[in-house]
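> What follows is target_22.pdb, PDB, C-alpha atoms.
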ATOM      1  CA  MET A   1      94.839  -9.222 -35.453
ATOM      2  CA  SER A   2      93.245 -10.558 -32.278
ATOM      3  CA  THR A   3      89.578 -11.525 -32.134
ATOM      4  CA  THR A   4      87.646 -10.655 -28.986
ATOM      5  CA  THR A   5      84.947 -13.134 -28.063
ATOM      6  CA  THR A   6      81.959 -11.655 -26.247
ATOM      7  CA  THR A   7      79.711 -13.773 -24.069
ATOM      8  CA  PRO A   8      76.048 -13.309 -24.949
ATOM      9  CA  PRO A   9      73.898 -11.979 -22.112
ATOM     10  CA  GLU A  10      71.989 -14.526 -20.080
ATOM     11  CA  SER A  11      68.553 -15.044 -21.573
ATOM     12  CA  ARG A  12      65.555 -14.268 -19.368
ATOM     13  CA  PRO A  13      62.226 -16.123 -19.579
ATOM     14  CA  LEU A  14      59.451 -14.318 -21.385
ATOM     15  CA  ASP A  15      56.741 -15.442 -18.954
ATOM     16  CA  PRO A  16      56.880 -13.547 -15.621
ATOM     17  CA  THR A  17      57.389 -15.627 -12.503
ATOM     18  CA  ALA A  18      55.070 -15.626  -9.510
ATOM     19  CA  ALA A  19      57.466 -13.386  -7.596
ATOM     20  CA  ALA A  20      57.517 -10.875 -10.451
ATOM     21  CA  GLN A  21      53.725 -10.901 -10.621
ATOM     22  CA  TRP A  22      53.500 -10.299  -6.888
ATOM     23  CA  ARG A  23      55.955  -7.373  -7.060
ATOM     24  CA  ARG A  24      53.903  -5.905  -9.891
ATOM     25  CA  TRP A  25      50.465  -6.192  -8.287
ATOM     26  CA  ARG A  26      51.165  -5.828  -4.573
ATOM     27  CA  ARG A  27      50.667  -2.057  -4.562
ATOM     28  CA  PRO A  28      47.294  -2.096  -6.412
ATOM     29  CA  LEU A  29      46.128  -4.944  -4.175
ATOM     30  CA  ALA A  30      47.164  -3.018  -1.080
ATOM     31  CA  ILE A  31      45.203   0.015  -2.289
ATOM     32  CA  VAL A  32      42.099  -2.104  -2.978
ATOM     33  CA  VAL A  33      42.316  -3.750   0.455
ATOM     34  CA  LEU A  34      42.719  -0.338   2.100
ATOM     35  CA  VAL A  35      39.676   1.020   0.250
ATOM     36  CA  LEU A  36      37.629  -2.039   1.241
ATOM     37  CA  LEU A  37      38.573  -1.690   4.889
ATOM     38  CA  THR A  38      37.773   2.020   4.810
ATOM     39  CA  ALA A  39      34.379   1.360   3.220
ATOM     40  CA  VAL A  40      33.543  -1.296   5.803
ATOM     41  CA  VAL A  41      34.528   0.925   8.731
ATOM     42  CA  LEU A  42      32.634   3.918   7.357
ATOM     43  CA  GLY A  43      29.640   1.720   6.609
ATOM     44  CA  ILE A  44      29.526   0.367  10.147
ATOM     45  CA  VAL A  45      29.841   3.844  11.625
ATOM     46  CA  GLN A  46      27.233   5.350   9.296
ATOM     47  CA  SER A  47      24.801   2.478   9.743
ATOM     48  CA  ARG A  48      24.855   3.085  13.474
ATOM     49  CA  ALA A  49      24.908   6.882  13.356
ATOM     50  CA  SER A  50      22.657   7.659  10.395
ATOM     51  CA  ARG A  51      19.428   5.829   9.627
ATOM     52  CA  GLY A  52      17.597   8.327   7.432
ATOM     53  CA  PHE A  53      14.935  11.006   7.616
ATOM     54  CA  LEU A  54      12.801  10.748  10.787
ATOM     55  CA  ASP A  55      14.025   7.231  11.473
ATOM     56  CA  PRO A  56      13.119   6.253  15.049
ATOM     57  CA  GLU A  57      16.531   4.547  15.295
ATOM     58  CA  GLY A  58      18.517   7.390  13.679
ATOM     59  CA  VAL A  59      20.785   9.435  15.921
ATOM     60  CA  ASP A  60      21.930  11.931  13.272
ATOM     61  CA  ASN A  61      20.337  15.367  12.853
ATOM     62  CA  PRO A  62      17.416  14.320  10.571
ATOM     63  CA  GLY A  63      16.731  11.218  12.661
ATOM     64  CA  ALA A  64      14.213  10.933  15.496
ATOM     65  CA  ARG A  65      15.799   8.577  18.023
ATOM     66  CA  ALA A  66      15.450  11.158  20.802
ATOM     67  CA  LEU A  67      11.706  11.568  20.214
ATOM     68  CA  ALA A  68      11.130   7.806  19.992
ATOM     69  CA  THR A  69      12.998   7.350  23.298
ATOM     70  CA  LEU A  70      10.912  10.022  25.032
ATOM     71  CA  LEU A  71       7.696   8.452  23.754
ATOM     72  CA  ALA A  72       8.774   5.024  25.012
ATOM     73  CA  GLU A  73       9.564   6.516  28.428
ATOM     74  CA  GLN A  74       6.041   7.980  28.477
ATOM     75  CA  GLY A  75       4.588   4.490  27.970
ATOM     76  CA  VAL A  76       3.808   4.811  24.242
ATOM     77  CA  GLU A  77       4.398   1.660  22.189
ATOM     78  CA  VAL A  78       6.228   2.673  18.982
ATOM     79  CA  THR A  79       5.772   0.295  16.016
ATOM     80  CA  PRO A  80       7.989   1.164  13.001
ATOM     81  CA  VAL A  81       6.656   0.070   9.577
ATOM     82  CA  ARG A  82       7.767   0.725   6.001
ATOM     83  CA  SER A  83       5.033  -0.674   3.700
ATOM     84  CA  ASN A  84       1.428   0.421   3.331
ATOM     85  CA  ALA A  85       0.154  -3.088   4.014
ATOM     86  CA  ASP A  86       2.028  -3.231   7.329
ATOM     87  CA  ALA A  87       0.777   0.221   8.341
ATOM     88  CA  VAL A  88      -2.853  -0.663   7.548
ATOM     89  CA  GLY A  89      -2.527  -3.982   9.365
ATOM     90  CA  ALA A  90      -0.971  -2.411  12.469
ATOM     91  CA  ALA A  91      -3.254   0.650  12.785
ATOM     92  CA  GLY A  92      -6.677   0.700  14.390
ATOM     93  CA  PRO A  93      -9.268   3.240  15.569
ATOM     94  CA  GLY A  94      -7.517   3.682  18.918
ATOM     95  CA  ASP A  95      -4.014   4.228  17.498
ATOM     96  CA  THR A  96      -1.971   7.115  16.138
ATOM     97  CA  VAL A  97      -0.209   6.805  12.783
ATOM     98  CA  LEU A  98       2.748   9.096  12.028
ATOM     99  CA  VAL A  99       3.351   9.351   8.256
ATOM    100  CA  THR A 100       6.787  10.887   7.652
ATOM    101  CA  VAL A 101       6.415  11.441   3.869
ATOM    102  CA  PRO A 102       2.668  11.465   3.102
ATOM    103  CA  ASP A 103       3.042  12.523  -0.542
ATOM    104  CA  LEU A 104       4.710   9.207  -1.418
ATOM    105  CA  LEU A 105       1.423   7.353  -0.973
ATOM    106  CA  THR A 106      -0.958   6.735  -3.866
ATOM    107  CA  ALA A 107      -4.646   7.629  -3.662
ATOM    108  CA  GLU A 108      -5.548   4.003  -2.997
ATOM    109  CA  GLN A 109      -3.000   3.757  -0.202
ATOM    110  CA  VAL A 110      -4.321   6.961   1.350
ATOM    111  CA  ASP A 111      -7.881   5.612   1.275
ATOM    112  CA  ARG A 112      -6.795   2.371   2.939
ATOM    113  CA  LEU A 113      -4.952   4.289   5.636
ATOM    114  CA  VAL A 114      -7.893   6.631   6.256
ATOM    115  CA  ASP A 115     -10.320   3.691   6.442
ATOM    116  CA  THR A 116      -8.470   2.288   9.463
ATOM    117  CA  GLY A 117     -10.033   5.065  11.562
ATOM    118  CA  ALA A 118      -6.675   5.775  13.208
ATOM    119  CA  ARG A 119      -5.599   9.250  14.203
ATOM    120  CA  LEU A 120      -3.181  10.492  11.510
ATOM    121  CA  VAL A 121      -0.238  12.853  12.022
ATOM    122  CA  LEU A 122       1.204  13.926   8.668
ATOM    123  CA  VAL A 123       4.620  15.546   8.279
ATOM    124  CA  ALA A 124       4.704  18.303   5.643
ATOM    125  CA  PRO A 125       2.022  16.955   3.261
ATOM    126  CA  GLU A 126       1.657  19.067   0.142
ATOM    127  CA  ALA A 127       0.294  17.450  -3.014
ATOM    128  CA  ARG A 128      -2.175  15.038  -1.365
ATOM    129  CA  VAL A 129      -3.574  17.229   1.402
ATOM    130  CA  PRO A 130      -7.190  17.048   0.052
ATOM    131  CA  ASP A 131      -6.997  13.235   0.055
ATOM    132  CA  TYR A 132      -6.274  13.239   3.772
ATOM    133  CA  ALA A 133      -8.260  16.296   4.887
ATOM    134  CA  PRO A 134     -10.981  17.412   2.464
ATOM    135  CA  GLY A 135     -11.337  21.180   2.325
ATOM    136  CA  LEU A 136      -7.679  21.939   3.037
ATOM    137  CA  SER A 137      -4.796  22.768   0.696
ATOM    138  CA  ALA A 138      -1.092  23.419   1.205
ATOM    139  CA  VAL A 139       0.592  26.766   0.542
ATOM    140  CA  LEU A 140       4.249  27.718   0.773
ATOM    141  CA  VAL A 141       5.217  30.014   3.654
ATOM    142  CA  ASP A 142       8.453  31.248   5.179
ATOM    143  CA  ALA A 143      11.171  28.845   6.270
ATOM    144  CA  PRO A 144      10.760  27.215   9.684
ATOM    145  CA  GLY A 145      11.413  29.458  12.671
ATOM    146  CA  SER A 146      10.175  30.136  16.181
ATOM    147  CA  VAL A 147       6.395  30.776  16.020
ATOM    148  CA  GLU A 148       3.791  31.372  18.734
ATOM    149  CA  PRO A 149       0.723  29.098  18.679
ATOM    150  CA  GLU A 150      -2.025  31.784  18.791
ATOM    151  CA  CYS A 151      -4.767  29.181  19.235
ATOM    152  CA  ASP A 152      -6.621  27.416  22.030
ATOM    153  CA  LEU A 153      -5.495  23.886  21.149
ATOM    154  CA  PRO A 154      -4.366  22.351  24.484
ATOM    155  CA  VAL A 155      -1.299  20.686  22.970
ATOM    156  CA  ALA A 156      -0.135  23.955  21.417
ATOM    157  CA  GLU A 157      -0.895  25.993  24.529
ATOM    158  CA  ARG A 158       1.242  23.696  26.660
ATOM    159  CA  ALA A 159       4.113  23.705  24.162
ATOM    160  CA  GLY A 160       4.185  27.446  23.537
ATOM    161  CA  SER A 161       6.467  28.672  20.780
ATOM    162  CA  ALA A 162       7.761  26.000  18.403
ATOM    163  CA  ARG A 163       9.805  25.748  15.210
ATOM    164  CA  LEU A 164       7.238  25.674  12.424
ATOM    165  CA  GLY A 165       6.885  26.975   8.873
ATOM    166  CA  GLY A 166       7.726  25.765   5.402
ATOM    167  CA  LEU A 167       4.127  24.844   4.566
ATOM    168  CA  GLY A 168       0.818  26.322   5.697
ATOM    169  CA  TYR A 169      -2.684  24.900   5.328
ATOM    170  CA  ALA A 170      -5.563  27.009   4.097
ATOM    171  CA  GLY A 171      -9.222  26.066   3.971
ATOM    172  CA  ASP A 172     -12.157  25.110   6.151
ATOM    173  CA  VAL A 173     -11.318  23.317   9.399
ATOM    174  CA  SER A 174     -14.600  24.121  11.171
ATOM    175  CA  ARG A 175     -15.383  20.472  11.797
ATOM    176  CA  SER A 176     -15.473  18.981  15.275
ATOM    177  CA  GLU A 177     -12.159  19.178  17.124
ATOM    178  CA  GLY A 178     -10.734  21.347  14.351
ATOM    179  CA  ALA A 179      -8.015  23.907  15.062
ATOM    180  CA  VAL A 180      -5.453  26.032  13.293
ATOM    181  CA  CYS A 181      -2.262  27.082  15.077
ATOM    182  CA  TYR A 182       1.147  28.651  14.553
ATOM    183  CA  PRO A 183       0.319  31.137  11.773
ATOM    184  CA  VAL A 184       3.166  31.913   9.362
ATOM    185  CA  ASP A 185       2.516  34.540   6.675
ATOM    186  CA  GLY A 186      -1.145  34.412   7.680
ATOM    187  CA  GLU A 187      -1.490  30.655   7.135
ATOM    188  CA  PRO A 188      -1.482  28.039   9.935
ATOM    189  CA  ALA A 189       1.561  25.768   9.950
ATOM    190  CA  LEU A 190      -0.341  23.274  12.105
ATOM    191  CA  ALA A 191      -3.922  22.273  11.323
ATOM    192  CA  VAL A 192      -6.172  19.738  13.015
ATOM    193  CA  SER A 193      -9.093  18.470  10.933
ATOM    194  CA  SER A 194     -11.052  15.284  10.227
ATOM    195  CA  THR A 195     -10.892  12.632   7.532
ATOM    196  CA  GLU A 196     -13.842  11.300   5.540
ATOM    197  CA  SER A 197     -14.171   8.414   7.982
ATOM    198  CA  GLY A 198     -14.358  10.788  10.941
ATOM    199  CA  GLY A 199     -10.839  10.198  12.251
ATOM    200  CA  GLN A 200      -8.642  13.063  13.350
ATOM    201  CA  VAL A 201      -5.838  14.237  11.054
ATOM    202  CA  VAL A 202      -3.016  16.570  12.084
ATOM    203  CA  LEU A 203      -1.078  18.443   9.397
ATOM    204  CA  LEU A 204       2.403  19.607  10.409
ATOM    205  CA  GLY A 205       4.097  22.051   8.035
ATOM    206  CA  THR A 206       7.658  20.887   8.752
ATOM    207  CA  ALA A 207       9.505  17.954  10.295
ATOM    208  CA  ASP A 208      11.807  20.161  12.392
ATOM    209  CA  PRO A 209       9.951  19.792  15.727
ATOM    210  CA  LEU A 210      10.397  15.989  15.516
ATOM    211  CA  THR A 211      14.067  15.763  14.568
ATOM    212  CA  ASN A 212      17.039  15.234  16.847
ATOM    213  CA  GLU A 213      18.517  18.531  15.697
ATOM    214  CA  HIS A 214      15.645  20.760  16.847
ATOM    215  CA  LEU A 215      13.791  18.671  19.427
ATOM    216  CA  ASP A 216      15.254  20.686  22.322
ATOM    217  CA  ASP A 217      14.515  24.079  20.710
ATOM    218  CA  ASP A 218      11.613  26.172  22.060
ATOM    219  CA  GLY A 219       8.637  23.947  22.821
ATOM    220  CA  ASN A 220       9.307  21.398  20.090
ATOM    221  CA  ALA A 221       9.611  18.443  22.451
ATOM    222  CA  ALA A 222       6.356  19.271  24.242
ATOM    223  CA  LEU A 223       4.549  19.743  20.940
ATOM    224  CA  ALA A 224       5.898  16.472  19.487
ATOM    225  CA  LEU A 225       5.032  14.491  22.611
ATOM    226  CA  GLY A 226       1.576  16.035  22.710
ATOM    227  CA  LEU A 227       0.837  15.232  19.055
ATOM    228  CA  LEU A 228       2.234  11.706  19.035
ATOM    229  CA  GLY A 229       1.621  10.570  22.597
ATOM    230  CA  GLN A 230      -2.159  10.909  22.814
ATOM    231  CA  THR A 231      -2.696   7.172  22.317
ATOM    232  CA  GLU A 232      -0.992   4.165  23.846
ATOM    233  CA  ARG A 233       0.204   2.911  20.472
ATOM    234  CA  LEU A 234       2.037   4.837  17.748
ATOM    235  CA  VAL A 235       2.542   3.347  14.279
ATOM    236  CA  TRP A 236       5.656   5.041  12.879
ATOM    237  CA  TYR A 237       5.132   4.816   9.107
ATOM    238  CA  ARG A 238       8.088   5.738   6.884
ATOM    239  CA  PRO A 239       6.791   5.149   3.341
ATOM    240  CA  ILE A 240       9.002   3.929   0.535
ATOM    241  CA  PRO A 241       8.176   4.320  -3.187
ATOM    242  CA  GLU A 242       6.208   1.332  -4.447
ATOM    243  CA  GLN A 243       5.216   0.306  -7.981
ATOM    244  CA  GLY A 244       1.757  -0.687  -6.846
ATOM    245  CA  ALA A 245      -0.557  -0.641  -3.898
ATOM    246  CA  ASP A 246       1.018  -3.744  -2.354
ATOM    247  CA  ALA A 247       4.205  -4.105  -4.369
ATOM    248  CA  PRO A 248       7.242  -5.046  -2.293
ATOM    249  CA  ALA A 249      10.111  -2.638  -1.962
ATOM    250  CA  ALA A 250      12.978  -2.918  -4.410
ATOM    251  CA  PHE A 251      16.012  -4.922  -3.320
ATOM    252  CA  THR A 252      18.239  -1.829  -3.399
ATOM    253  CA  ASP A 253      15.887  -0.011  -1.014
ATOM    254  CA  GLN A 254      16.350  -2.753   1.560
ATOM    255  CA  LEU A 255      20.144  -2.515   1.572
ATOM    256  CA  PRO A 256      21.914  -0.507   4.281
ATOM    257  CA  GLY A 257      22.848   3.017   3.308
ATOM    258  CA  TRP A 258      26.598   2.331   3.428
ATOM    259  CA  VAL A 259      26.457  -0.310   0.666
ATOM    260  CA  ARG A 260      25.910   2.246  -2.080
ATOM    261  CA  ALA A 261      28.700   4.493  -0.770
ATOM    262  CA  GLY A 262      31.061   1.508  -0.560
ATOM    263  CA  ALA A 263      30.198   0.448  -4.119
ATOM    264  CA  TRP A 264      30.989   3.935  -5.425
ATOM    265  CA  GLN A 265      34.311   3.940  -3.582
ATOM    266  CA  LEU A 266      35.252   0.567  -5.070
ATOM    267  CA  ALA A 267      34.320   1.722  -8.571
ATOM    268  CA  ILE A 268      36.424   4.877  -8.229
ATOM    269  CA  ALA A 269      39.345   2.871  -6.834
ATOM    270  CA  ALA A 270      39.126   0.414  -9.742
ATOM    271  CA  LEU A 271      39.157   3.261 -12.275
ATOM    272  CA  LEU A 272      42.159   4.875 -10.580
ATOM    273  CA  ALA A 273      44.035   1.564 -10.525
ATOM    274  CA  ALA A 274      43.243   0.976 -14.203
ATOM    275  CA  ALA A 275      44.435   4.474 -15.122
ATOM    276  CA  TRP A 276      47.605   3.954 -13.083
ATOM    277  CA  ARG A 277      48.492   0.557 -14.542
ATOM    278  CA  ALA A 278      47.264   1.171 -18.104
ATOM    279  CA  ARG A 279      49.886   1.038 -20.851
ATOM    280  CA  ARG A 280      50.449   4.466 -22.349
ATOM    281  CA  LEU A 281      51.642   4.680 -25.957
ATOM    282  CA  GLY A 282      53.629   7.851 -26.454
ATOM    283  CA  ARG A 283      55.881   9.056 -29.258
ATOM    284  CA  LEU A 284      58.582   6.767 -30.669
ATOM    285  CA  VAL A 285      61.920   7.113 -28.921
ATOM    286  CA  PRO A 286      65.023   6.112 -30.905
ATOM    287  CA  GLU A 287      67.340   3.816 -28.990
ATOM    288  CA  PRO A 288      71.043   4.398 -29.619
ATOM    289  CA  LEU A 289      72.935   1.267 -30.667
ATOM    290  CA  PRO A 290      76.163   0.393 -28.845
ATOM    291  CA  VAL A 291      78.045  -0.009 -32.186
ATOM    292  CA  VAL A 292      77.247   1.391 -35.621
ATOM    293  CA  VAL A 293      77.550  -1.474 -38.140
ATOM    294  CA  ARG A 294      77.590  -0.992 -41.924
ATOM    295  CA  ALA A 295      74.925  -2.955 -43.792
ATOM    296  CA  SER A 296      77.522  -4.544 -46.103
ATOM    297  CA  GLU A 297      79.349  -6.101 -43.171
ATOM    298  CA  THR A 298      76.476  -8.565 -42.718
ATOM    299  CA  THR A 299      76.948  -9.831 -46.262
ATOM    300  CA  GLU A 300      80.718 -10.012 -45.916
ATOM    301  CA  GLY A 301      80.457 -11.811 -42.595
ATOM    302  CA  ARG A 302      78.101 -14.463 -43.981
ATOM    303  CA  ALA A 303      80.359 -14.928 -47.020
ATOM    304  CA  ARG A 304      83.349 -15.608 -44.784
ATOM    305  CA  LEU A 305      81.299 -18.118 -42.805
ATOM    306  CA  TYR A 306      80.263 -19.938 -45.981
ATOM    307  CA  ARG A 307      83.882 -19.936 -47.206
ATOM    308  CA  ARG A 308      85.219 -21.220 -43.874
ATOM    309  CA  GLY A 309      82.602 -23.942 -43.796
ATOM    310  CA  ARG A 310      83.178 -24.825 -47.502
ATOM    311  CA  SER A 311      79.435 -24.441 -48.079
ATOM    312  CA  ARG A 312      79.803 -23.790 -51.797
ATOM    313  CA  ASP A 313      76.497 -25.399 -52.820
ATOM    314  CA  HIS A 314      74.502 -23.361 -50.307
ATOM    315  CA  ALA A 315      76.260 -20.131 -51.296
ATOM    316  CA  ALA A 316      75.670 -20.864 -55.014
ATOM    317  CA  THR A 317      71.980 -21.532 -54.353
ATOM    318  CA  LEU A 318      71.624 -18.191 -52.567
ATOM    319  CA  LEU A 319      73.366 -16.387 -55.437
ATOM    320  CA  ARG A 320      71.120 -18.029 -58.051
ATOM    321  CA  ARG A 321      67.970 -17.111 -56.078
ATOM    322  CA  ALA A 322      69.128 -13.516 -55.695
ATOM    323  CA  ALA A 323      69.897 -13.295 -59.423
ATOM    324  CA  ILE A 324      66.531 -14.749 -60.423
ATOM    325  CA  ARG A 325      64.749 -12.318 -58.025
ATOM    326  CA  ARG A 326      66.607  -9.355 -59.540
ATOM    327  CA  LEU A 327      65.926 -10.505 -63.127
TER     328      LEU A 327
END
If you convert what's in this file into structure tokens, what do you get?

Amino acid sequence: MSTTTTTPPESRPLDPTAAAQWRRWRRPLAIVVLVLLTAVVLGIVQSRASRGFLDPEGVDNPGARALATLLAEQGVEVTPVRSNADAVGAAGPGDTVLVTVPDLLTAEQVDRLVDTGARLVLVAPEARVPDYAPGLSAVLVDAPGSVEPECDLPVAERAGSARLGGLGYAGDVSRSEGAVCYPVDGEPALAVSSTESGGQVVLLGTADPLTNEHLDDDGNAALALGLLGQTERLVWYRPIPEQGADAPAAFTDQLPGWVRAGAWQLAIAALLAAAWRARRLGRLVPEPLPVVVRASETTEGRARLYRRGRSRDHAATLLRRAAIRRL
């Protein structure tokens, strides 16, 4: 009977080599790098094309780059500000202040802005209308559309029909230089009144006439230039939420808009990579053995080895231990 000697398979190291690690992680790393590059490119494009609502540097639909350029060509100095302290410091009695989101200001900030004596142009104020113009209140009207002025205000007469609506302003505007124009549902969508300090305040029911998207519709451009170009200096105030009257803006508010979008993309990519590479424990799968071996053959094989090696003492010790364990 011939005995066939089999060569044991070559052992492989348990710790993966650097090459194996690279082969394992090169695809996830390539995906992460691709996502990063995409986020950077999109961020650069968006930061140049989209600056936010009524941003004088924004060239997207809600931006106002076109209006700011026209004002500069007319000789108006446009000064963009974001904080209340900067707006109060930059504005004076001979200036115009455009407030893009007036309802973000607190009562104290409104008082400080009114006390400058500057001419105020407010875009769609609603909750704080009485703080700016006592005697007036905001009411909801139809959505913005083409509306005739129907008033004798020179700016409105020159502009003609304009895109107004959204909010109307009811109340007494019989003070000096007061006017109500562009009625929508019986309420004026543009009102000119006075503040407590005697400065002029203009209430505009919607931002549409100032945006890039609608500036060239109807007489929007003429109306916007007439409202904002009456003085040599325009303070373009885009308020940001503040914890206090002079509290600085949060760090996240000062970041470019693409940073948040890039962070979300990276988080989603990380979750997808984790789900792809995670170890999944499924049901047990039996692995067929190459040869079926009887359990008794192990005992017989060891006995032959002990006999061939004349290891009688070791074999006797094993037998005694097994007997004691059974007893």
> Using all atoms listed in the file, which residues sit within 9 Å of Pro183 of chain A once same-chain residues fewer than 4 positions away are excluded, as a ChimeraX atom specification?
/A:147-150,164-165,168,187-190
> Which value, in Å to one decimal, gives the distance between atom CA of Glu213 of chain A and atom CA of Gly166 of chain A?
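One can read the atom CA of Glu213 of chain A to atom CA of Gly166 of chain A distance as 16.6 Å.
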> Which value, in Å to one decimal, gives the distance between atom CA of Asn61 of chain A and atom CA of Val35 of chain A?
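According to the coordinates, atom CA of Asn61 of chain A and atom CA of Val35 of chain A are separated by 27.2 Å.
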> Applied to this file, what does the PyMOL selection byres ((chain A and resi 128-131) around 8) return in terms of residues, put as JSON, numbers by chain?
{"A": [102, 103, 107, 110, 111, 125, 126, 127, 132, 133, 134, 135, 136, 137, 138]}
> Rank A:Val155, A:Ala263, A:Val33, A:Val101 by their smallest atom-to-atom distance to Asn220 of chain A, using all atoms listed in the file, and report the top residue only.
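Of all the options, A:Val155 lies closest to Asn220 of chain A.
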> Got a sec: who's within 10 Å of Gly178 of chain A, counting only C-alpha atoms, leaving out chain neighbours fewer than 4 positions off, as a ChimeraX atom specification?
/A:153,172-174,191-194,200-202
> Once the PyMOL selection byres ((chain A and resi 209) around 12) has been applied to the shown file, what residues remain in the selection, as a PyMOL selection string?
chain A and resi 54+61-64+66-67+123-124+144-147+159+161-165+189-190+204-208+210-228
> Based on the selection just made, write C-alpha atoms of those residues as a PDB file, in the coordinates of the input.

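Listing of part.pdb after writing:
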ATOM      1  CA  LEU A  54      12.801  10.748  10.787  1.00  0.00           C
ATOM      2  CA  ASN A  61      20.337  15.367  12.853  1.00  0.00           C
ATOM      3  CA  PRO A  62      17.416  14.320  10.571  1.00  0.00           C
ATOM      4  CA  GLY A  63      16.731  11.218  12.661  1.00  0.00           C
ATOM      5  CA  ALA A  64      14.213  10.933  15.496  1.00  0.00           C
ATOM      6  CA  ALA A  66      15.450  11.158  20.802  1.00  0.00           C
ATOM      7  CA  LEU A  67      11.706  11.568  20.214  1.00  0.00           C
ATOM      8  CA  VAL A 123       4.620  15.546   8.279  1.00  0.00           C
ATOM      9  CA  ALA A 124       4.704  18.303   5.643  1.00  0.00           C
ATOM     10  CA  PRO A 144      10.760  27.215   9.684  1.00  0.00           C
ATOM     11  CA  GLY A 145      11.413  29.458  12.671  1.00  0.00           C
ATOM     12  CA  SER A 146      10.175  30.136  16.181  1.00  0.00           C
ATOM     13  CA  VAL A 147       6.395  30.776  16.020  1.00  0.00           C
ATOM     14  CA  ALA A 159       4.113  23.705  24.162  1.00  0.00           C
ATOM     15  CA  SER A 161       6.467  28.672  20.780  1.00  0.00           C
ATOM     16  CA  ALA A 162       7.761  26.000  18.403  1.00  0.00           C
ATOM     17  CA  ARG A 163       9.805  25.748  15.210  1.00  0.00           C
ATOM     18  CA  LEU A 164       7.238  25.674  12.424  1.00  0.00           C
ATOM     19  CA  GLY A 165       6.885  26.975   8.873  1.00  0.00           C
ATOM     20  CA  ALA A 189       1.561  25.768   9.950  1.00  0.00           C
ATOM     21  CA  LEU A 190      -0.341  23.274  12.105  1.00  0.00           C
ATOM     22  CA  LEU A 204       2.403  19.607  10.409  1.00  0.00           C
ATOM     23  CA  GLY A 205       4.097  22.051   8.035  1.00  0.00           C
ATOM     24  CA  THR A 206       7.658  20.887   8.752  1.00  0.00           C
ATOM     25  CA  ALA A 207       9.505  17.954  10.295  1.00  0.00           C
ATOM     26  CA  ASP A 208      11.807  20.161  12.392  1.00  0.00           C
ATOM     27  CA  LEU A 210      10.397  15.989  15.516  1.00  0.00           C
ATOM     28  CA  THR A 211      14.067  15.763  14.568  1.00  0.00           C
ATOM     29  CA  ASN A 212      17.039  15.234  16.847  1.00  0.00           C
ATOM     30  CA  GLU A 213      18.517  18.531  15.697  1.00  0.00           C
ATOM     31  CA  HIS A 214      15.645  20.760  16.847  1.00  0.00           C
ATOM     32  CA  LEU A 215      13.791  18.671  19.427  1.00  0.00           C
ATOM     33  CA  ASP A 216      15.254  20.686  22.322  1.00  0.00           C
ATOM     34  CA  ASP A 217      14.515  24.079  20.710  1.00  0.00           C
ATOM     35  CA  ASP A 218      11.613  26.172  22.060  1.00  0.00           C
ATOM     36  CA  GLY A 219       8.637  23.947  22.821  1.00  0.00           C
ATOM     37  CA  ASN A 220       9.307  21.398  20.090  1.00  0.00           C
ATOM     38  CA  ALA A 221       9.611  18.443  22.451  1.00  0.00           C
ATOM     39  CA  ALA A 222       6.356  19.271  24.242  1.00  0.00           C
ATOM     40  CA  LEU A 223       4.549  19.743  20.940  1.00  0.00           C
ATOM     41  CA  ALA A 224       5.898  16.472  19.487  1.00  0.00           C
ATOM     42  CA  LEU A 225       5.032  14.491  22.611  1.00  0.00           C
ATOM     43  CA  GLY A 226       1.576  16.035  22.710  1.00  0.00           C
ATOM     44  CA  LEU A 227       0.837  15.232  19.055  1.00  0.00           C
ATOM     45  CA  LEU A 228       2.234  11.706  19.035  1.00  0.00           C
TER      46      LEU A 228
END
> Would you please work out which residue, of A:Trp264, A:Trp236, A:Trp276, A:Trp22, is nearest to Leu71 of chain A when using only C-alpha atoms?
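Residue with the minimum atom-to-atom distance to Leu71 of chain A: A:Trp236.
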> For a quick check of understanding, using only C-alpha atoms, which of A:Val184, A:Val259, A:Leu29, A:Leu104 has the smallest distance to Arg277 of chain A?
A:Leu29
> What separation in Å, quoted to one decimal, exists between atom CA of Glu300 of chain A and atom CA of Thr317 of chain A?
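Calculated distance between atom CA of Glu300 of chain A and atom CA of Thr317 of chain A is 16.7 Å.
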> Would you write out, as a PyMOL selection string, every residue that the PyMOL selection byres ((chain A and resi 84) around 8) captures in this file?
chain A and resi 82-83+85-88+109+113+239+245-246
> Next, the residues of the selection above should be written as a PDB file, in the frame of the given file with C-alpha atoms.

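Output (selection.pdb):
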ATOM      1  CA  ARG A  82       7.767   0.725   6.001  1.00  0.00           C
ATOM      2  CA  SER A  83       5.033  -0.674   3.700  1.00  0.00           C
ATOM      3  CA  ALA A  85       0.154  -3.088   4.014  1.00  0.00           C
ATOM      4  CA  ASP A  86       2.028  -3.231   7.329  1.00  0.00           C
ATOM      5  CA  ALA A  87       0.777   0.221   8.341  1.00  0.00           C
ATOM      6  CA  VAL A  88      -2.853  -0.663   7.548  1.00  0.00           C
ATOM      7  CA  GLN A 109      -3.000   3.757  -0.202  1.00  0.00           C
ATOM      8  CA  LEU A 113      -4.952   4.289   5.636  1.00  0.00           C
ATOM      9  CA  PRO A 239       6.791   5.149   3.341  1.00  0.00           C
ATOM     10  CA  ALA A 245      -0.557  -0.641  -3.898  1.00  0.00           C
ATOM     11  CA  ASP A 246       1.018  -3.744  -2.354  1.00  0.00           C
TER      12      ASP A 246
END
